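Here's the structure, in structure tokens; my notes come after.
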Amino acid sequence: MIARREFLSLGLAACCAAADQKPQDESISASATLDRTPRVGIVLSSFAGSTEHDGTPVKGLPEPRPVNADLTASQTGAMLGKALELGTLRRGGIETVVAPDDWVFLLPAEKASPVLIGALLEWLAEHKRGRRITVAGADYSEALLPLAARWKNVRFEVLDLKSCARLRAPSPVRMYAKGNADGVYSLPRAFRACDKLIAVAPLRTHPVLGVALTAASYLGLAPAEEIRASGSLDDVMIDLFAQHPADYAIAGGSWGYEAEGERVHHNLLVAGPRAVAVDAVASAVMGFDPKKLAFIGKLERRGFGIGDIDSMWTRGNEIEEATRKFRRPAAWRES
Amino acid sequence: MSWNRREFLFTAAGAAIARAEAAKVRLGLVQSSHRRLPHPVSPEHELDAELVRDMVWKAIEHGAPAAGSLEAKIRPGSWVVIKPNIGGLRPASSYLTGDITDFRVTRAVLEYVATRSRARRITVAEGGTYRGLHDPAEDHVVMQGGRRVDAMLFDWGKKEFPGIAGSLGDMLRDFSARFPDKKFDYVDLAYDTVRDPAGKFRRMPVPLARNGTGAFGARSEYFVSNTILNCDFLITVPVMKVHLECGLTCCLKNYVGTAPREAYGVPGLFNNSTLHRQYSVGGRIDPFIADLAAFHPPDYCVIDGIRGLQSMEHSNDRPDQMLRSNMVMAGEDPVAMDALAATLIGFQPHDIDYLHLASRREMGTMDLGRVDVLGDDPDRLKRPWEKPRGWNGRCNREWLVTTDPATPVGAWKPHTSAVDTLDLTKIAGPAARYGAAAAVRADGHRKGYFWVGANGRFTAVLNGETVLGEEALTRHRIGQYQAAVELRPGENRLMFQVEPLDGRAQLSALLVGPRNDGDSMEGIRWFV
């Protein structure tokens, strides 16, 4: 049996990716800039280095720690830095995606780690990415205070999703949820106005979706009654995602949540500019088959990227190394 | 003969009506179900070459030019160039059926010109994102069945365009055999740049329109192709589809394919990236579209509206992107043709900026009130296609501006902006605070959304009520800030106050309809 990365190095996956509906005997030699294969960074707290599938060595973390060890803020920061370094597109990673004069909207999912959010804010400020950074969720006020004092040229703000200003308006892009065909949602004005969106979510199982990762963080944006009235949860989630697809996605942290919400200590980050790819890899790490998660297939079909893990490049740890099988919620049924 | 007063008035009125009718532009619109076709079929039918030919020919008949017919407009002995959109070939990852002009439409136009006109040479010309056979570069080389191919040699098989098979070269060989007195050929416009005597690519100034209008692009001189410049008669044959940047790609946007890629490309990227980078104005590509068309405006247009792409001009990897409409349009006014196409797919002509620019060059009319559409009823065929993500119509361009908002608005200076964004710091000089005002006349009570883009601390007041206010620190983006608004019938007043932040004060304003999709609100007119 060969490992996934070996398989990729043989070039077979690339062939699989290209083998769509088009005739096999036709090809075009594209320039490197047209390479849209997502690179997904996978970093355990124990990451001590690896080799890319083309043989390039990847440096490990300065202080590797066991995957179930408690981490300091600086160790979390180092893990995050490595995940951001490895989770890129051909043209670059988060530093290419987020410009210095962007308004960045940070969308943490329920139970996202404040330490991780703090590390991400610190990274953005240090790398001069974003002129205004809004964090959705009142829980993150404490993480912002020291940053606001340190980085005076960046406007940091917390957005309380319970009381923030909202605009109820139709979606300019096509919507699929049957009960809300025009996509009329009351969404935070800051979400509608931001330039870039970064979704952050812990590894978490979900009774309806199977897993609730970065795409599921969008469910926190609309009022619960609008979500319930609009249609199936995955359709509504994707409709909300479609209103501003994440420009960068980070799944993981120190704690995950399995079965009915039981905590799991597993220091892991999965990162990249394509939320679909990140969610697919993160779900595979949790022991789910992404092909059997309905929302991944729907995101793919709606043109938001590749969810087939054999068609993307993973960097850092192997999926097999990072895997920690999460117990399924009792109510969840595989599609 | 003596006329009484009533007879005189009746005759004079009739003559006036006749003159007005004669001045109207005539366009043909034919759907596959058109009752005057020999074999009408459903709009969902996949069609074959014969059905498409009947549709194209009927559209050309309905959309006869002022000369009486297309063949009457083509002078004997002419060199006719047919310019389809073959911007990409199937192996490209961005290709999806509906991306390029249906070969059956190109073939039907070719056959019409060959059969009916006395043209001497008929050329199919295009320059797409694929290397020519002689090009030593290794990127964008297309291979098929183990051999290197280009647009001329690429074999589309039997499925892509049902009813015909093979390559463009096969098609041209077939016509050469059928019409031995005419010459049929293909020119790859990507390698057809006008050169100076030393053999270097030569930039050429945009020709002045009869009314003196010159270039709109950021630069006034372009690389152009010999074929477009020198042919006697040019027929643009685009596919109708949505475009990420200018909204609609059709008759005029088809000219971007005439810009030679050998001159505009950069190593490793065989496209018109330099054209986009050097010639766009205010983030819009519309200026260079109108400029490129000015070198040889279309003498006739046939639009392939059989299958097109919504949402964007190339594949977005979504299976529902391609829409079948089974329509063909024809006419000699490219501006009117594109305005009609825009309305058919759910845009407002007013929002397509290059139509304004082409109208200013007197290339045609974008006022569909001055157009007669013969054949099928466009109102029956309108269907809203999905707009590109981030699409916005044409923002207000007519402003009153001041550096002292405390003064009466009547004293503020009028300013017409060439682009969507009003750069207050640039046009009014440095100041601590700016005022900008505009007015909108609504033909009734209107609901919609007010889209503002800004740099600086601004407030927006509509009819005395503050509707938006923000400290806009980040880069200017059209439609960044949105508010639900209602316009009253008649005049509505908009006032902005802007304080610069980081030394910048910029504004853009757009009133969007109730779908909030970036299209201008219907039934309104901006003025100052």
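Ordering of the structure tokens sets the chain letters (A, B, ...); residue numbers start at 1 within each chain; ligands are numbered from 1 in the order shown.
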Interface rows for chain B against chain A: nearest pair, Å to one decimal, 7 Å, only C-alpha atoms, as CSV:
```
residue,atom,partner,partner_atom,distance
B:Pro91,CA,A:Ser27,CA,5.1
B:Ala92,CA,A:Ile28,CA,6.1
B:Glu138,CA,A:Ser29,CA,7.0
B:Asp139,CA,A:Ser29,CA,5.0
B:His140,CA,A:Ser29,CA,4.8
B:Val141,CA,A:Ser29,CA,5.2
B:Val142,CA,A:Ile28,CA,4.4
B:Met143,CA,A:Ser27,CA,5.2
B:Gln144,CA,A:Glu26,CA,4.4
B:Gly145,CA,A:Asp25,CA,5.0
B:Gly268,CA,A:Ser31,CA,5.4
B:Leu269,CA,A:Ser31,CA,6.4
B:Asn316,CA,A:Gly303,CA,5.8
B:Asp317,CA,A:Gly303,CA,4.8
B:Arg318,CA,A:Gly303,CA,4.9
B:Pro319,CA,A:Arg301,CA,6.8
B:Glu386,CA,A:Arg174,CA,6.6
B:Lys387,CA,A:Val173,CA,7.0
B:Arg389,CA,A:Val173,CA,6.6
B:Thr474,CA,A:Asp101,CA,5.0
B:Arg475,CA,A:Asp101,CA,5.6
B:Gln480,CA,A:Ala193,CA,4.9
B:Tyr481,CA,A:Ala193,CA,5.7
B:Arg515,CA,A:Pro170,CA,6.0
B:Asn516,CA,A:Pro172,CA,5.9
B:Asp517,CA,A:Pro172,CA,4.2
```
Close residues, Arg441 (chain B) itself excluded, 6 Å, only C-alpha atoms, min 5 positions apart in chain, as a PyMOL selection string:
chain B and resi 490-491+524-525
Would you mind exporting N, CA, C and O atoms of the selected residues as a PDB file, in the first residue's frame?
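To be explicit, this is the file written out as result.pdb:
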```pdb
ATOM      1  N   GLY B 490     -40.568  61.655  -8.767  1.00  0.00           N
ATOM      2  CA  GLY B 490     -39.992  62.977  -9.045  1.00  0.00           C
ATOM      3  C   GLY B 490     -38.579  63.068  -8.530  1.00  0.00           C
ATOM      4  O   GLY B 490     -37.826  62.092  -8.546  1.00  0.00           O
ATOM      5  N   GLU B 491     -38.245  64.257  -8.014  1.00  0.00           N
ATOM      6  CA  GLU B 491     -36.855  64.539  -7.682  1.00  0.00           C
ATOM      7  C   GLU B 491     -36.484  64.040  -6.279  1.00  0.00           C
ATOM      8  O   GLU B 491     -37.235  64.220  -5.323  1.00  0.00           O
ATOM      9  N   ILE B 524     -35.173  55.390 -13.163  1.00  0.00           N
ATOM     10  CA  ILE B 524     -34.560  56.563 -12.507  1.00  0.00           C
ATOM     11  C   ILE B 524     -33.568  57.215 -13.477  1.00  0.00           C
ATOM     12  O   ILE B 524     -33.094  56.574 -14.412  1.00  0.00           O
ATOM     13  N   ARG B 525     -33.286  58.468 -13.218  1.00  0.00           N
ATOM     14  CA  ARG B 525     -32.287  59.181 -14.018  1.00  0.00           C
ATOM     15  C   ARG B 525     -31.517  60.122 -13.103  1.00  0.00           C
ATOM     16  O   ARG B 525     -32.112  60.896 -12.354  1.00  0.00           O
TER      17      ARG B 525
END
```
Just want the 9 Å neighbourhood of Ala342 (chain B), counted on only C-alpha atoms, with same-chain residues fewer than 5 positions away dropped. Output as a list in words.
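That gives Met240, Gly247, Leu248, Cys250, Met337, Phe347, Gln348, Pro349 and Ile352 of chain B.
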note - CA of Lys178 (chain A) and CA of Asp234 (chain A) are separated by 11.5 Å
Of the listed residues A:Pro202, A:Ala215, A:Val285, A:Glu258, that which approaches Asn317 (chain A) most closely, counting only C-alpha atoms
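The answer is A:Val285, which sits nearest to Asn317 (chain A).
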Would you mind listing what lies within 12 Å of Ser74 (chain A) as a list in words, with only C-alpha atoms counted and same-chain residues fewer than 2 positions away left out?
Ser45, Leu61, Pro62, Glu63, Pro64, Asp70, Leu71, Thr72, Thr76, Gly77, Ala78, Met79, Leu80, Gly81, Val115, Leu116, Gly118, Ala119, Leu120, Glu122 and Trp123 of chain A
Once DSSP has gone over the backbone, tell me which residues of region 293-504 of chain B are in helix (DSSP H, G or I), as a ChimeraX atom specification.
/B:293-294,334-344,349-351,353-360,368-370,378-381,409-411,424-428
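The interatomic distance for the pair CA of Tyr257 (chain A) and CA of Leu240 (chain A) works out to 23.4 Å.
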Mind checking which residues fall within 12 Å of Asp289 (chain A), counting only C-alpha atoms, ignoring those fewer than 2 positions away in the same chain, and posting them as a PDB file with all heavy atoms, in the first residue's frame?
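For reference, part32.pdb as written:
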```pdb
ATOM      1  N   GLY A 210     -22.878  15.981   9.987  1.00  0.00           N
ATOM      2  CA  GLY A 210     -21.786  15.026  10.186  1.00  0.00           C
ATOM      3  C   GLY A 210     -20.630  15.706  10.880  1.00  0.00           C
ATOM      4  O   GLY A 210     -20.238  15.336  11.981  1.00  0.00           O
ATOM      5  N   VAL A 211     -20.107  16.746  10.212  1.00  0.00           N
ATOM      6  CA  VAL A 211     -19.089  17.576  10.851  1.00  0.00           C
ATOM      7  C   VAL A 211     -19.493  19.039  10.675  1.00  0.00           C
ATOM      8  O   VAL A 211     -20.125  19.393   9.686  1.00  0.00           O
ATOM      9  CB  VAL A 211     -17.679  17.362  10.234  1.00  0.00           C
ATOM     10  CG1 VAL A 211     -17.160  15.961  10.523  1.00  0.00           C
ATOM     11  CG2 VAL A 211     -17.692  17.634   8.747  1.00  0.00           C
ATOM     12  N   ASP A 279     -12.131  21.827   4.745  1.00  0.00           N
ATOM     13  CA  ASP A 279     -13.160  21.035   5.435  1.00  0.00           C
ATOM     14  C   ASP A 279     -13.070  19.562   5.039  1.00  0.00           C
ATOM     15  O   ASP A 279     -13.301  18.679   5.884  1.00  0.00           O
ATOM     16  CB  ASP A 279     -14.553  21.586   5.119  1.00  0.00           C
ATOM     17  CG  ASP A 279     -14.870  22.834   5.946  1.00  0.00           C
ATOM     18  OD1 ASP A 279     -13.951  23.353   6.608  1.00  0.00           O
ATOM     19  OD2 ASP A 279     -16.027  23.288   5.941  1.00  0.00           O
ATOM     20  N   ALA A 280     -12.734  19.303   3.788  1.00  0.00           N
ATOM     21  CA  ALA A 280     -12.624  17.907   3.352  1.00  0.00           C
ATOM     22  C   ALA A 280     -11.462  17.223   4.071  1.00  0.00           C
ATOM     23  O   ALA A 280     -11.601  16.103   4.589  1.00  0.00           O
ATOM     24  CB  ALA A 280     -12.428  17.844   1.846  1.00  0.00           C
ATOM     25  N   VAL A 281     -10.327  17.895   4.132  1.00  0.00           N
ATOM     26  CA  VAL A 281      -9.167  17.310   4.805  1.00  0.00           C
ATOM     27  C   VAL A 281      -9.452  17.154   6.306  1.00  0.00           C
ATOM     28  O   VAL A 281      -9.166  16.112   6.905  1.00  0.00           O
ATOM     29  CB  VAL A 281      -7.904  18.172   4.560  1.00  0.00           C
ATOM     30  CG1 VAL A 281      -6.763  17.735   5.467  1.00  0.00           C
ATOM     31  CG2 VAL A 281      -7.485  18.091   3.100  1.00  0.00           C
ATOM     32  N   ALA A 282     -10.034  18.192   6.905  1.00  0.00           N
ATOM     33  CA  ALA A 282     -10.313  18.129   8.346  1.00  0.00           C
ATOM     34  C   ALA A 282     -11.284  16.998   8.660  1.00  0.00           C
ATOM     35  O   ALA A 282     -11.128  16.288   9.658  1.00  0.00           O
ATOM     36  CB  ALA A 282     -10.872  19.470   8.824  1.00  0.00           C
ATOM     37  N   SER A 283     -12.276  16.805   7.784  1.00  0.00           N
ATOM     38  CA  SER A 283     -13.230  15.720   8.049  1.00  0.00           C
ATOM     39  C   SER A 283     -12.541  14.366   7.893  1.00  0.00           C
ATOM     40  O   SER A 283     -12.826  13.433   8.651  1.00  0.00           O
ATOM     41  CB  SER A 283     -14.456  15.829   7.148  1.00  0.00           C
ATOM     42  OG  SER A 283     -14.081  15.748   5.799  1.00  0.00           O
ATOM     43  N   ALA A 284     -11.613  14.265   6.937  1.00  0.00           N
ATOM     44  CA  ALA A 284     -10.869  13.010   6.775  1.00  0.00           C
ATOM     45  C   ALA A 284     -10.022  12.740   8.012  1.00  0.00           C
ATOM     46  O   ALA A 284      -9.929  11.602   8.487  1.00  0.00           O
ATOM     47  CB  ALA A 284      -9.986  13.088   5.532  1.00  0.00           C
ATOM     48  N   VAL A 285      -9.426  13.789   8.548  1.00  0.00           N
ATOM     49  CA  VAL A 285      -8.626  13.651   9.767  1.00  0.00           C
ATOM     50  C   VAL A 285      -9.504  13.152  10.925  1.00  0.00           C
ATOM     51  O   VAL A 285      -9.063  12.384  11.770  1.00  0.00           O
ATOM     52  CB  VAL A 285      -7.978  15.020  10.112  1.00  0.00           C
ATOM     53  CG1 VAL A 285      -7.498  15.064  11.543  1.00  0.00           C
ATOM     54  CG2 VAL A 285      -6.845  15.328   9.147  1.00  0.00           C
ATOM     55  N   MET A 286     -10.757  13.564  10.926  1.00  0.00           N
ATOM     56  CA  MET A 286     -11.680  13.153  11.995  1.00  0.00           C
ATOM     57  C   MET A 286     -12.241  11.749  11.745  1.00  0.00           C
ATOM     58  O   MET A 286     -13.085  11.277  12.509  1.00  0.00           O
ATOM     59  CB  MET A 286     -12.836  14.157  12.090  1.00  0.00           C
ATOM     60  CG  MET A 286     -12.409  15.541  12.540  1.00  0.00           C
ATOM     61  SD  MET A 286     -13.682  16.781  12.200  1.00  0.00           S
ATOM     62  CE  MET A 286     -14.903  16.377  13.442  1.00  0.00           C
ATOM     63  N   GLY A 287     -11.804  11.136  10.656  1.00  0.00           N
ATOM     64  CA  GLY A 287     -12.235   9.764  10.381  1.00  0.00           C
ATOM     65  C   GLY A 287     -13.492   9.677   9.534  1.00  0.00           C
ATOM     66  O   GLY A 287     -14.054   8.598   9.370  1.00  0.00           O
ATOM     67  N   LYS A 291     -16.367  12.179   0.888  1.00  0.00           N
ATOM     68  CA  LYS A 291     -17.293  11.889  -0.214  1.00  0.00           C
ATOM     69  C   LYS A 291     -18.686  11.536   0.314  1.00  0.00           C
ATOM     70  O   LYS A 291     -19.656  11.569  -0.429  1.00  0.00           O
ATOM     71  CB  LYS A 291     -16.764  10.720  -1.040  1.00  0.00           C
ATOM     72  CG  LYS A 291     -15.541  11.088  -1.874  1.00  0.00           C
ATOM     73  CD  LYS A 291     -15.103   9.919  -2.725  1.00  0.00           C
ATOM     74  CE  LYS A 291     -13.825  10.277  -3.468  1.00  0.00           C
ATOM     75  NZ  LYS A 291     -12.810   9.248  -3.359  1.00  0.00           N
ATOM     76  N   LYS A 292     -18.753  11.180   1.584  1.00  0.00           N
ATOM     77  CA  LYS A 292     -20.050  10.810   2.145  1.00  0.00           C
ATOM     78  C   LYS A 292     -20.659  11.945   2.967  1.00  0.00           C
ATOM     79  O   LYS A 292     -21.667  11.749   3.652  1.00  0.00           O
ATOM     80  CB  LYS A 292     -19.908   9.543   2.991  1.00  0.00           C
ATOM     81  CG  LYS A 292     -19.575   8.346   2.109  1.00  0.00           C
ATOM     82  CD  LYS A 292     -19.469   7.077   2.880  1.00  0.00           C
ATOM     83  CE  LYS A 292     -19.231   5.921   1.907  1.00  0.00           C
ATOM     84  NZ  LYS A 292     -18.845   4.699   2.603  1.00  0.00           N
ATOM     85  N   LEU A 293     -20.034  13.102   2.900  1.00  0.00           N
ATOM     86  CA  LEU A 293     -20.605  14.285   3.562  1.00  0.00           C
ATOM     87  C   LEU A 293     -21.304  15.102   2.480  1.00  0.00           C
ATOM     88  O   LEU A 293     -20.653  15.639   1.572  1.00  0.00           O
ATOM     89  CB  LEU A 293     -19.507  15.116   4.232  1.00  0.00           C
ATOM     90  CG  LEU A 293     -18.798  14.416   5.408  1.00  0.00           C
ATOM     91  CD1 LEU A 293     -17.554  15.192   5.812  1.00  0.00           C
ATOM     92  CD2 LEU A 293     -19.742  14.275   6.599  1.00  0.00           C
ATOM     93  N   ALA A 294     -22.619  15.185   2.575  1.00  0.00           N
ATOM     94  CA  ALA A 294     -23.394  15.807   1.495  1.00  0.00           C
ATOM     95  C   ALA A 294     -22.942  17.241   1.216  1.00  0.00           C
ATOM     96  O   ALA A 294     -22.858  17.665   0.061  1.00  0.00           O
ATOM     97  CB  ALA A 294     -24.871  15.780   1.865  1.00  0.00           C
ATOM     98  N   PHE A 295     -22.600  17.983   2.255  1.00  0.00           N
ATOM     99  CA  PHE A 295     -22.293  19.403   2.032  1.00  0.00           C
ATOM    100  C   PHE A 295     -21.008  19.595   1.233  1.00  0.00           C
ATOM    101  O   PHE A 295     -20.867  20.566   0.491  1.00  0.00           O
ATOM    102  CB  PHE A 295     -22.289  20.182   3.360  1.00  0.00           C
ATOM    103  CG  PHE A 295     -21.034  20.049   4.182  1.00  0.00           C
ATOM    104  CD1 PHE A 295     -19.962  20.908   4.006  1.00  0.00           C
ATOM    105  CD2 PHE A 295     -20.927  19.064   5.163  1.00  0.00           C
ATOM    106  CE1 PHE A 295     -18.820  20.799   4.781  1.00  0.00           C
ATOM    107  CE2 PHE A 295     -19.799  18.946   5.937  1.00  0.00           C
ATOM    108  CZ  PHE A 295     -18.724  19.804   5.744  1.00  0.00           C
ATOM    109  N   ILE A 296     -20.068  18.670   1.373  1.00  0.00           N
ATOM    110  CA  ILE A 296     -18.815  18.801   0.605  1.00  0.00           C
ATOM    111  C   ILE A 296     -19.131  18.663  -0.890  1.00  0.00           C
ATOM    112  O   ILE A 296     -18.679  19.468  -1.710  1.00  0.00           O
ATOM    113  CB  ILE A 296     -17.796  17.713   1.032  1.00  0.00           C
ATOM    114  CG1 ILE A 296     -17.391  17.894   2.504  1.00  0.00           C
ATOM    115  CG2 ILE A 296     -16.573  17.696   0.108  1.00  0.00           C
ATOM    116  CD1 ILE A 296     -16.347  18.929   2.773  1.00  0.00           C
ATOM    117  N   GLY A 297     -19.926  17.675  -1.230  1.00  0.00           N
ATOM    118  CA  GLY A 297     -20.310  17.475  -2.635  1.00  0.00           C
ATOM    119  C   GLY A 297     -21.073  18.676  -3.169  1.00  0.00           C
ATOM    120  O   GLY A 297     -20.854  19.118  -4.296  1.00  0.00           O
ATOM    121  N   GLY A 307     -13.213  19.112  -3.367  1.00  0.00           N
ATOM    122  CA  GLY A 307     -13.368  18.435  -2.084  1.00  0.00           C
ATOM    123  C   GLY A 307     -12.793  17.032  -2.099  1.00  0.00           C
ATOM    124  O   GLY A 307     -12.850  16.336  -1.088  1.00  0.00           O
ATOM    125  N   ASP A 308     -12.243  16.653  -3.247  1.00  0.00           N
ATOM    126  CA  ASP A 308     -11.660  15.315  -3.366  1.00  0.00           C
ATOM    127  C   ASP A 308     -10.212  15.383  -2.875  1.00  0.00           C
ATOM    128  O   ASP A 308      -9.365  16.032  -3.496  1.00  0.00           O
ATOM    129  CB  ASP A 308     -11.717  14.889  -4.843  1.00  0.00           C
ATOM    130  CG  ASP A 308     -10.998  13.580  -5.090  1.00  0.00           C
ATOM    131  OD1 ASP A 308     -10.592  12.913  -4.112  1.00  0.00           O
ATOM    132  OD2 ASP A 308     -10.831  13.228  -6.272  1.00  0.00           O
ATOM    133  N   ILE A 309      -9.940  14.719  -1.767  1.00  0.00           N
ATOM    134  CA  ILE A 309      -8.609  14.894  -1.163  1.00  0.00           C
ATOM    135  C   ILE A 309      -7.491  14.301  -2.028  1.00  0.00           C
ATOM    136  O   ILE A 309      -6.331  14.664  -1.857  1.00  0.00           O
ATOM    137  CB  ILE A 309      -8.540  14.345   0.285  1.00  0.00           C
ATOM    138  CG1 ILE A 309      -8.966  12.889   0.342  1.00  0.00           C
ATOM    139  CG2 ILE A 309      -9.348  15.189   1.239  1.00  0.00           C
ATOM    140  CD1 ILE A 309      -8.769  12.285   1.727  1.00  0.00           C
ATOM    141  N   THR A 323      -4.688  11.786  11.719  1.00  0.00           N
ATOM    142  CA  THR A 323      -6.035  11.250  11.965  1.00  0.00           C
ATOM    143  C   THR A 323      -6.272  10.915  13.437  1.00  0.00           C
ATOM    144  O   THR A 323      -5.433  10.311  14.099  1.00  0.00           O
ATOM    145  CB  THR A 323      -6.280   9.999  11.103  1.00  0.00           C
ATOM    146  OG1 THR A 323      -6.222  10.394   9.739  1.00  0.00           O
ATOM    147  CG2 THR A 323      -7.650   9.387  11.402  1.00  0.00           C
ATOM    148  N   LYS A 325      -9.819   9.499  15.021  1.00  0.00           N
ATOM    149  CA  LYS A 325     -11.211   9.210  14.672  1.00  0.00           C
ATOM    150  C   LYS A 325     -12.167   9.754  15.724  1.00  0.00           C
ATOM    151  O   LYS A 325     -12.046   9.400  16.896  1.00  0.00           O
ATOM    152  CB  LYS A 325     -11.403   7.720  14.469  1.00  0.00           C
ATOM    153  CG  LYS A 325     -10.728   7.239  13.200  1.00  0.00           C
ATOM    154  CD  LYS A 325     -11.193   5.888  12.755  1.00  0.00           C
ATOM    155  CE  LYS A 325     -10.564   5.592  11.398  1.00  0.00           C
ATOM    156  NZ  LYS A 325     -10.839   4.263  10.926  1.00  0.00           N
ATOM    157  N   PHE A 326     -13.062  10.605  15.278  1.00  0.00           N
ATOM    158  CA  PHE A 326     -14.061  11.198  16.187  1.00  0.00           C
ATOM    159  C   PHE A 326     -15.297  10.304  16.200  1.00  0.00           C
ATOM    160  O   PHE A 326     -15.726   9.825  15.149  1.00  0.00           O
ATOM    161  CB  PHE A 326     -14.457  12.606  15.689  1.00  0.00           C
ATOM    162  CG  PHE A 326     -13.499  13.695  16.074  1.00  0.00           C
ATOM    163  CD1 PHE A 326     -12.124  13.544  15.893  1.00  0.00           C
ATOM    164  CD2 PHE A 326     -13.952  14.890  16.617  1.00  0.00           C
ATOM    165  CE1 PHE A 326     -11.231  14.548  16.240  1.00  0.00           C
ATOM    166  CE2 PHE A 326     -13.068  15.910  16.965  1.00  0.00           C
ATOM    167  CZ  PHE A 326     -11.702  15.732  16.779  1.00  0.00           C
ATOM    168  N   GLU A 334     -25.092   8.832   7.582  1.00  0.00           N
ATOM    169  CA  GLU A 334     -24.199   9.025   6.434  1.00  0.00           C
ATOM    170  C   GLU A 334     -25.033   9.143   5.155  1.00  0.00           C
ATOM    171  O   GLU A 334     -25.997   8.407   4.996  1.00  0.00           O
ATOM    172  CB  GLU A 334     -23.292   7.795   6.347  1.00  0.00           C
ATOM    173  CG  GLU A 334     -21.987   8.023   5.642  1.00  0.00           C
ATOM    174  CD  GLU A 334     -21.061   6.826   5.854  1.00  0.00           C
ATOM    175  OE1 GLU A 334     -21.304   5.774   5.261  1.00  0.00           O
ATOM    176  OE2 GLU A 334     -20.118   6.972   6.629  1.00  0.00           O
ATOM    177  N   SER A 335     -24.632  10.041   4.242  1.00  0.00           N
ATOM    178  CA  SER A 335     -25.418  10.183   3.009  1.00  0.00           C
ATOM    179  C   SER A 335     -24.955   9.167   1.972  1.00  0.00           C
ATOM    180  O   SER A 335     -23.859   8.678   2.039  1.00  0.00           O
ATOM    181  CB  SER A 335     -25.279  11.597   2.446  1.00  0.00           C
ATOM    182  OG  SER A 335     -23.964  11.841   2.070  1.00  0.00           O
TER     183      SER A 335
END
```
Find the residues around Val270 (chain A) up to 7 Å (only C-alpha atoms counted), leave out those fewer than 6 positions away in its own chain, and share them as a ChimeraX atom specification.
/A:40-43,83,250-252,278,282
Please, could you write that set of residues out with all heavy atoms as a short mmCIF file (atom, residue, chain, number, x, y, z; two decimals), in the first residue's frame?
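Saved the output as selection-v4.cif:
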```cif
data_model
loop_
_atom_site.label_atom_id
_atom_site.label_comp_id
_atom_site.auth_asym_id
_atom_site.auth_seq_id
_atom_site.Cartn_x
_atom_site.Cartn_y
_atom_site.Cartn_z
N VAL A 40 -3.16 22.34 1.08
CA VAL A 40 -3.74 22.41 2.42
C VAL A 40 -2.66 22.07 3.44
O VAL A 40 -2.00 21.04 3.32
CB VAL A 40 -4.93 21.42 2.54
CG1 VAL A 40 -5.52 21.48 3.95
CG2 VAL A 40 -6.00 21.74 1.52
N GLY A 41 -2.46 22.96 4.38
CA GLY A 41 -1.47 22.72 5.42
C GLY A 41 -2.07 21.90 6.55
O GLY A 41 -3.18 22.18 7.00
N ILE A 42 -1.35 20.85 6.97
CA ILE A 42 -1.79 20.03 8.11
C ILE A 42 -0.65 20.05 9.13
O ILE A 42 0.46 19.60 8.82
CB ILE A 42 -2.06 18.57 7.69
CG1 ILE A 42 -3.06 18.51 6.51
CG2 ILE A 42 -2.58 17.75 8.87
CD1 ILE A 42 -3.30 17.10 5.99
N VAL A 43 -0.92 20.59 10.29
CA VAL A 43 0.15 20.72 11.28
C VAL A 43 -0.34 20.24 12.65
O VAL A 43 -1.25 20.82 13.24
CB VAL A 43 0.64 22.19 11.37
CG1 VAL A 43 1.74 22.31 12.41
CG2 VAL A 43 1.14 22.67 10.01
N ALA A 83 1.01 26.38 9.74
CA ALA A 83 -0.17 25.99 8.94
C ALA A 83 -0.43 27.04 7.85
O ALA A 83 -0.75 26.71 6.71
CB ALA A 83 -1.39 25.83 9.84
N ILE A 250 -9.41 28.04 8.38
CA ILE A 250 -8.55 27.33 9.34
C ILE A 250 -9.45 26.44 10.21
O ILE A 250 -10.38 26.94 10.85
CB ILE A 250 -7.79 28.33 10.25
CG1 ILE A 250 -6.95 29.29 9.38
CG2 ILE A 250 -6.90 27.58 11.25
CD1 ILE A 250 -6.44 30.50 10.13
N ALA A 251 -9.15 25.16 10.20
CA ALA A 251 -9.92 24.23 11.03
C ALA A 251 -8.99 23.65 12.09
O ALA A 251 -7.82 23.39 11.82
CB ALA A 251 -10.52 23.12 10.17
N GLY A 252 -9.53 23.43 13.27
CA GLY A 252 -8.75 22.79 14.33
C GLY A 252 -8.50 23.70 15.50
O GLY A 252 -9.22 24.67 15.73
N VAL A 278 -10.18 22.55 2.86
CA VAL A 278 -9.84 22.50 4.29
C VAL A 278 -10.85 21.63 5.04
O VAL A 278 -10.48 20.76 5.83
CB VAL A 278 -9.79 23.93 4.88
CG1 VAL A 278 -9.75 23.90 6.40
CG2 VAL A 278 -8.57 24.67 4.33
N ALA A 282 -10.03 18.19 6.91
CA ALA A 282 -10.31 18.13 8.35
C ALA A 282 -11.28 17.00 8.66
O ALA A 282 -11.13 16.29 9.66
CB ALA A 282 -10.87 19.47 8.82
#
```
Report as a PyMOL selection string: the residues of region 76-283 of chain A with a DSSP assignment of strand (DSSP E or B), based on the backbone of this structure.
chain A and resi 89+92+103-108+132-136+155-159+166-169+185-188+196-201+204-206+210-211+248-258+262-272
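In this model, the gap between CA of Ala505 (chain B) and CA of Pro414 (chain B) comes to 17.3 Å.
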